[in-house]
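*Asks:* Before I ask anything, here is the structure I am working with.
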Amino acid sequence: MDKFINIFLGFLTGILTTTIGSFLFINLVMHNDFIVGLQYVKSQGYLGKIITLGAVLNIIVFFLLLKYNKEMMARGVILATIVLTLVTLFV
């Protein structure tokens with residue numbers, strides 16, 4: 001049961017990291033409010049690309065978790081990246 005909890009925490013960490021990365025990209029690069037920028041990106045059809053740019057931070061989190069011997073949480077981050085990839089393909 002402890003493995004499942006660690007994988008779930010890693011999954012949540014991966015999703016949260018991607019959200020933070022997307023938030024930072026929209027606010028810093030596009031110079032828009034997050035909601036307005038998200039609506040604009042969605043209307044232009046670039047939502048998948050923004051999600052992908054936000055997921056780049058998952059690489060850093062993955063290697064930090066491996067450094068601190070949190071292999072199950074690192075697996076959760078990889079699972080979140082796979083799920084986000086599937087979402088990106090079908091959005």
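Chain labels follow the order of the structure tokens: the first chain is A, the next B, and so on; residue numbering restarts at 1 in every chain, and ligands are counted from 1 in their shown order.
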Using only C-alpha atoms, which residues sit within 12 Å of Ile59 (chain A) once same-chain residues fewer than 6 positions away are excluded, as a list in words?
*Replies:* Thr13, Gly14, Thr17, Thr18, Gly21, Thr52, Leu53, Leu65, Leu66, Ala74, Arg75, Val77, Ile78, Ala80 and Thr81 of chain A
*Asks:* Filtering to N, CA and C atoms, could you give me those residues as a compact mmCIF listing (two decimals), in the first residue's frame?
*Replies:*
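Saved as again.txt:
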```
# COMPACT_ATOMS: atom_id res chain seq x y z
N THR A 13 2.50 15.31 -7.91
CA THR A 13 3.63 16.22 -8.05
C THR A 13 3.87 16.55 -9.52
N GLY A 14 3.78 15.54 -10.38
CA GLY A 14 3.97 15.76 -11.81
C GLY A 14 2.90 16.65 -12.41
N THR A 17 3.48 20.21 -11.03
CA THR A 17 4.65 20.82 -11.66
C THR A 17 4.33 21.30 -13.07
N THR A 18 3.57 20.50 -13.81
CA THR A 18 3.18 20.90 -15.16
C THR A 18 2.26 22.12 -15.12
N GLY A 21 4.46 25.09 -14.40
CA GLY A 21 5.22 25.44 -15.60
C GLY A 21 4.38 26.15 -16.64
N THR A 52 2.91 20.84 -22.95
CA THR A 52 4.22 20.23 -23.18
C THR A 52 5.34 21.09 -22.60
N LEU A 53 5.27 22.39 -22.81
CA LEU A 53 6.29 23.28 -22.24
C LEU A 53 6.26 23.26 -20.71
N LEU A 65 13.98 13.60 -7.42
CA LEU A 65 13.45 12.47 -6.67
C LEU A 65 14.39 11.27 -6.72
N LEU A 66 15.02 11.05 -7.86
CA LEU A 66 16.00 9.96 -7.95
C LEU A 66 17.21 10.23 -7.07
N ALA A 74 9.23 8.98 -8.25
CA ALA A 74 9.73 9.28 -9.60
C ALA A 74 8.91 8.53 -10.64
N ARG A 75 8.49 7.31 -10.33
CA ARG A 75 7.62 6.57 -11.23
C ARG A 75 6.28 7.28 -11.40
N VAL A 77 5.84 10.50 -11.28
CA VAL A 77 6.08 11.65 -12.15
C VAL A 77 6.10 11.19 -13.61
N ILE A 78 6.71 10.04 -13.87
CA ILE A 78 6.71 9.49 -15.22
C ILE A 78 5.28 9.14 -15.65
N ALA A 80 2.55 10.60 -14.64
CA ALA A 80 1.89 11.88 -14.93
C ALA A 80 2.31 12.41 -16.29
N THR A 81 3.57 12.24 -16.64
CA THR A 81 4.04 12.69 -17.94
C THR A 81 3.39 11.89 -19.06
```
*Asks:* From a backbone DSSP assignment, name each residue in region 20-83 of chain A labelled helix (DSSP H, G or I), as number ranges by chain.
*Replies:* A: 20-28, 34-44, 47-54, 57-67, 71-83
*Asks:* Rounded to one decimal place, report the CA of Gln39 (chain A)-CA of Leu79 (chain A) distance in Å.
*Replies:*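 Separation of CA of Gln39 (chain A) and CA of Leu79 (chain A): 26.8 Å.
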*Asks:* Could you check the closest approach to Lys3 (chain A) for each of A:Ile20, A:Ile51, A:Met73, A:Val41 and tell me which residue wins, using only C-alpha atoms?
*Replies:*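 Nearest to Lys3 (chain A): A:Met73.
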*Asks:* Can you pull out every residue within 8 Å of Ile50 (chain A), counting only C-alpha atoms, but drop anything in the same chain fewer than 4 positions away, and send it as a PyMOL selection string?
*Replies:* chain A and resi 22+25+41+46+54
*Asks:* With only C-alpha atoms as the basis for distance, which of A:Ile15, A:Ile5, A:Leu86, A:Leu64 is at the shortest distance from Gly48 (chain A)?
*Replies:*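 Result for the nearest residue to Gly48 (chain A): A:Leu86.
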*Asks:* Quick check, in Å to one decimal: how far apart do CA of Phe34 (chain A) and CA of Ile82 (chain A) lie?
*Replies:*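 A separation of 24.3 Å between them.
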*Asks:* Determine the nearest neighbour of Ala55 (chain A) from the options A:Ile35, A:Leu16, A:Met72, A:Val29, counting only C-alpha atoms.
*Replies:*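 Nearest candidate to Ala55 (chain A) out of A:Ile35, A:Leu16, A:Met72, A:Val29: A:Leu16.
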*Asks:* When you count only C-alpha atoms, which of these residues is closest to Phe4 (chain A): A:Thr85, A:Lys70, A:Phe90, A:Gly76?
*Replies:* A:Gly76
